[in-house]
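Report on the following structure.
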Amino acid sequence: MRCSSIRSRFAATAFAVIAAAAAGVAPAAAQPAYDSYVALGDSFVAGPGIPPQSTSAECGRSEVNYPSLVADALGVDEFIDASCGGAVSEDLQGQQISILTRATVPPQYDALRPDTGLVTVGIGGNDIGLVQLAIACTNFASAPHGTSCAESNSERPDSFDLAIDAFAPEYGTIIDEIRARSPHARILFVGYPTGIRDGGCFPEQQIWPQDATYLQSKIDRLNTVMAQQVVAAGAEFVDLRTSTIGHDSCATPDERWMEGIVPTSPGIPLHPNAAGHRNAAEQVVSSLSVND
């Protein structure tokens, strides 16, 4: 689980992260000092498919995912990236079976230490079935040749709303578990980015207009619930939704931070690419500065 701080290799990238957000972020030397930083979470944290990938291939971690860029920007002495593709909240505490290699991955909480100074967390999408929903919303043919995920979930109450609301208290549980292991850590939960714009862009992205709106509404609801829960529990929330508007999977390739059904740059479908991770790093570093 231990990844060395890759300051020498990615110093230029880290500098770009700081410079690009200069209006809202103090210079690197003025950043809050953390001796140790642990990143927890799922594939939106790990960055599968984005080169260069970590030499430990079980979890699909990129060496330029946003935790790595944040660690570089802050100059932490010890950085542990425990994120893993496919992770659900239970994998923070229990062993996970890698979706890439089927190997057993240690619990993510094992990376936490009593002296850990900073923890970021990105989790919840797999718990409430966002990947399955995105697959269900995909149609390669125009209506009526296919099934609308919005219509399939038109019953009230909405099954995904129920799943999100049922999962909500887990965020408080996660904070309690982190504090029990790292009582002095600053804890930031990082939300999910904008995946697809209202109405989508069918057929460029193979999601019908009403389904694109429906899919994003569930991502938005999860973000809202996450923010409410973690702030109420005394942790911090980093919003990625706002900064990624206009950079979703419908954007032109040079403006796209979220890959579509068929990726056009290294990454996996409906996940952030390298530019998306750079933006996430900017938002995290900015939040650390503003709220310090």
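In the structure tokens, the first chain shown is A, the next is B, and so on; residue numbers restart at 1 for each chain, and ligands run from 1 in the order shown.
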
Contacts of region 221-229 of chain A at 12 Å or less, counting only C-alpha atoms, minus same-chain residues fewer than 3 places along, as a CSV table (one decimal) with C-alpha atoms, in the first residue's frame?
```csv
chain,number,residue,atom,x,y,z
A,121,VAL,CA,-11.6,9.9,1.2
A,122,GLY,CA,-13.7,9.3,-2.0
A,123,ILE,CA,-16.3,6.6,-1.6
A,124,GLY,CA,-19.9,5.8,-2.0
A,125,GLY,CA,-20.5,5.4,-5.7
A,126,ASN,CA,-20.0,1.6,-5.8
A,127,ASP,CA,-22.1,1.2,-2.6
A,128,ILE,CA,-25.2,2.7,-4.2
A,129,GLY,CA,-24.6,1.1,-7.6
A,130,LEU,CA,-23.6,4.1,-9.8
A,158,ASP,CA,-36.9,6.0,-6.5
A,160,PHE,CA,-31.5,4.9,-6.1
A,161,ASP,CA,-32.7,7.7,-3.9
A,162,LEU,CA,-33.5,5.1,-1.3
A,163,ALA,CA,-30.1,3.5,-1.6
A,164,ILE,CA,-28.3,6.9,-1.3
A,165,ASP,CA,-30.4,7.8,1.8
A,166,ALA,CA,-29.7,4.4,3.4
A,167,PHE,CA,-26.0,4.8,2.8
A,168,ALA,CA,-25.8,8.3,4.2
A,169,PRO,CA,-25.0,7.4,7.8
A,170,GLU,CA,-22.0,5.4,6.7
A,171,TYR,CA,-20.1,8.6,6.1
A,172,GLY,CA,-20.3,9.4,9.8
A,173,THR,CA,-19.2,5.8,10.6
A,174,ILE,CA,-16.2,6.2,8.3
A,175,ILE,CA,-15.2,9.5,10.0
A,188,LEU,CA,-11.5,15.7,3.7
A,189,PHE,CA,-14.1,13.9,1.7
A,190,VAL,CA,-13.8,14.5,-2.0
A,191,GLY,CA,-17.1,14.4,-4.0
A,192,TYR,CA,-17.7,13.1,-7.5
A,193,PRO,CA,-17.3,15.2,-10.6
A,194,THR,CA,-19.9,16.1,-13.2
A,214,TYR,CA,-31.4,11.1,-14.6
A,215,LEU,CA,-27.9,9.7,-14.2
A,216,GLN,CA,-26.3,13.0,-13.3
A,217,SER,CA,-29.1,13.7,-10.8
A,218,LYS,CA,-28.2,10.6,-8.8
A,232,ALA,CA,-22.3,17.5,10.3
A,233,ALA,CA,-19.7,15.0,11.6
A,234,GLY,CA,-17.0,17.7,11.7
A,235,ALA,CA,-15.0,16.7,8.6
A,236,GLU,CA,-14.7,18.7,5.4
A,237,PHE,CA,-16.2,18.3,1.9
A,238,VAL,CA,-14.4,19.1,-1.3
A,239,ASP,CA,-16.8,19.8,-4.2
A,240,LEU,CA,-15.8,18.6,-7.6
A,241,ARG,CA,-19.2,19.1,-9.2
A,242,THR,CA,-19.0,22.8,-9.8
```

Q: Using DSSP on the backbone, list every residue of region 48-157 of chain A that comes out as helix (DSSP H, G or I), and give them as a count of residues only.
A: 31

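Shortest atom-to-atom contact with Gly199 (chain A) among A:Thr252, A:Ser54, A:Thr213, A:Ser182: A:Thr213, counting only C-alpha atoms.
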
Q: Report the residues of region 32-212 of chain A whose backbone DSSP state falls under strand (DSSP E or B), written as a ChimeraX atom specification.
A: /A:36-41,53,62,78-81,96-97,104-105,118-122,138,186-190,207

Selection to disk with N, CA and C atoms, as a JSON list (two decimals), in the first residue's frame:
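Printed below is again25.json as written:
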```
[["chain", "number", "residue", "atom", "x", "y", "z"],
["A", 36, "SER", "N", 2.44, 13.41, 7.08],
["A", 36, "SER", "CA", 1.94, 12.16, 6.51],
["A", 36, "SER", "C", 0.53, 12.36, 5.96],
["A", 37, "TYR", "N", 0.27, 11.68, 4.87],
["A", 37, "TYR", "CA", -1.01, 11.81, 4.16],
["A", 37, "TYR", "C", -1.43, 10.43, 3.67],
["A", 38, "VAL", "N", -2.69, 10.07, 3.92],
["A", 38, "VAL", "CA", -3.26, 8.80, 3.48],
["A", 38, "VAL", "C", -4.48, 9.08, 2.62],
["A", 39, "ALA", "N", -4.55, 8.46, 1.45],
["A", 39, "ALA", "CA", -5.70, 8.58, 0.55],
["A", 39, "ALA", "C", -6.48, 7.28, 0.56],
["A", 40, "LEU", "N", -7.78, 7.37, 0.78],
["A", 40, "LEU", "CA", -8.67, 6.22, 0.79],
["A", 40, "LEU", "C", -9.73, 6.41, -0.30],
["A", 41, "GLY", "N", -10.23, 5.30, -0.85],
["A", 41, "GLY", "CA", -11.33, 5.46, -1.78],
["A", 41, "GLY", "C", -11.38, 4.45, -2.90],
["A", 53, "GLN", "N", 1.04, 3.81, -14.30],
["A", 53, "GLN", "CA", 0.35, 3.08, -13.25],
["A", 53, "GLN", "C", 1.35, 2.61, -12.19],
["A", 62, "SER", "N", -3.00, 5.18, -10.39],
["A", 62, "SER", "CA", -2.11, 5.96, -11.23],
["A", 62, "SER", "C", -1.16, 6.75, -10.35],
["A", 78, "GLU", "N", 5.57, 11.36, 4.13],
["A", 78, "GLU", "CA", 5.05, 10.01, 3.96],
["A", 78, "GLU", "C", 3.68, 10.07, 3.31],
["A", 79, "PHE", "N", 3.56, 9.45, 2.15],
["A", 79, "PHE", "CA", 2.30, 9.41, 1.42],
["A", 79, "PHE", "C", 1.93, 7.95, 1.19],
["A", 80, "ILE", "N", 0.73, 7.57, 1.58],
["A", 80, "ILE", "CA", 0.22, 6.22, 1.37],
["A", 80, "ILE", "C", -1.08, 6.31, 0.59],
["A", 81, "ASP", "N", -1.06, 5.78, -0.61],
["A", 81, "ASP", "CA", -2.26, 5.73, -1.44],
["A", 81, "ASP", "C", -2.88, 4.35, -1.26],
["A", 96, "GLN", "N", -10.35, -6.59, 0.47],
["A", 96, "GLN", "CA", -11.02, -6.43, -0.81],
["A", 96, "GLN", "C", -10.41, -7.41, -1.82],
["A", 97, "ILE", "N", -11.26, -7.93, -2.68],
["A", 97, "ILE", "CA", -10.78, -8.75, -3.80],
["A", 97, "ILE", "C", -10.62, -7.84, -5.00],
["A", 104, "THR", "N", -6.09, -10.55, -3.17],
["A", 104, "THR", "CA", -6.65, -10.00, -1.94],
["A", 104, "THR", "C", -5.89, -8.72, -1.57],
["A", 105, "VAL", "N", -6.63, -7.66, -1.32],
["A", 105, "VAL", "CA", -6.06, -6.37, -0.99],
["A", 105, "VAL", "C", -6.33, -6.08, 0.49],
["A", 118, "LEU", "N", -3.13, 13.98, 7.51],
["A", 118, "LEU", "CA", -4.13, 14.34, 6.51],
["A", 118, "LEU", "C", -4.71, 13.07, 5.90],
["A", 119, "VAL", "N", -6.03, 13.03, 5.76],
["A", 119, "VAL", "CA", -6.71, 11.90, 5.12],
["A", 119, "VAL", "C", -7.72, 12.46, 4.13],
["A", 120, "THR", "N", -7.68, 11.96, 2.89],
["A", 120, "THR", "CA", -8.74, 12.25, 1.93],
["A", 120, "THR", "C", -9.48, 10.96, 1.62],
["A", 121, "VAL", "N", -10.78, 11.09, 1.38],
["A", 121, "VAL", "CA", -11.65, 9.93, 1.15],
["A", 121, "VAL", "C", -12.57, 10.22, -0.02],
["A", 122, "GLY", "N", -12.68, 9.26, -0.93],
["A", 122, "GLY", "CA", -13.67, 9.33, -2.01],
["A", 122, "GLY", "C", -14.36, 7.99, -2.10],
["A", 138, "THR", "N", -26.95, 3.15, -20.74],
["A", 138, "THR", "CA", -26.26, 3.16, -22.03],
["A", 138, "THR", "C", -27.12, 2.52, -23.11],
["A", 186, "ARG", "N", -6.56, 15.70, 9.75],
["A", 186, "ARG", "CA", -7.54, 16.52, 9.06],
["A", 186, "ARG", "C", -8.18, 15.64, 7.99],
["A", 187, "ILE", "N", -9.52, 15.59, 7.96],
["A", 187, "ILE", "CA", -10.23, 14.64, 7.10],
["A", 187, "ILE", "C", -11.04, 15.40, 6.05],
["A", 188, "LEU", "N", -10.75, 15.11, 4.79],
["A", 188, "LEU", "CA", -11.49, 15.72, 3.68],
["A", 188, "LEU", "C", -12.13, 14.62, 2.84],
["A", 189, "PHE", "N", -13.42, 14.73, 2.62],
["A", 189, "PHE", "CA", -14.12, 13.85, 1.68],
["A", 189, "PHE", "C", -14.22, 14.58, 0.35],
["A", 190, "VAL", "N", -13.85, 13.89, -0.70],
["A", 190, "VAL", "CA", -13.84, 14.49, -2.04],
["A", 190, "VAL", "C", -15.02, 13.94, -2.82],
["A", 207, "ILE", "N", -25.99, 7.75, -24.33],
["A", 207, "ILE", "CA", -26.95, 7.84, -23.24],
["A", 207, "ILE", "C", -28.05, 8.79, -23.69]]
```

**Q.** Given only C-alpha atoms as the counted atoms, nearest of A:Val262, A:Val88, A:Leu112, A:Ala33 to Arg181 (chain A)
**A.**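 Looking only at the distances to Arg181 (chain A), the closest residue turns out to be A:Leu112.
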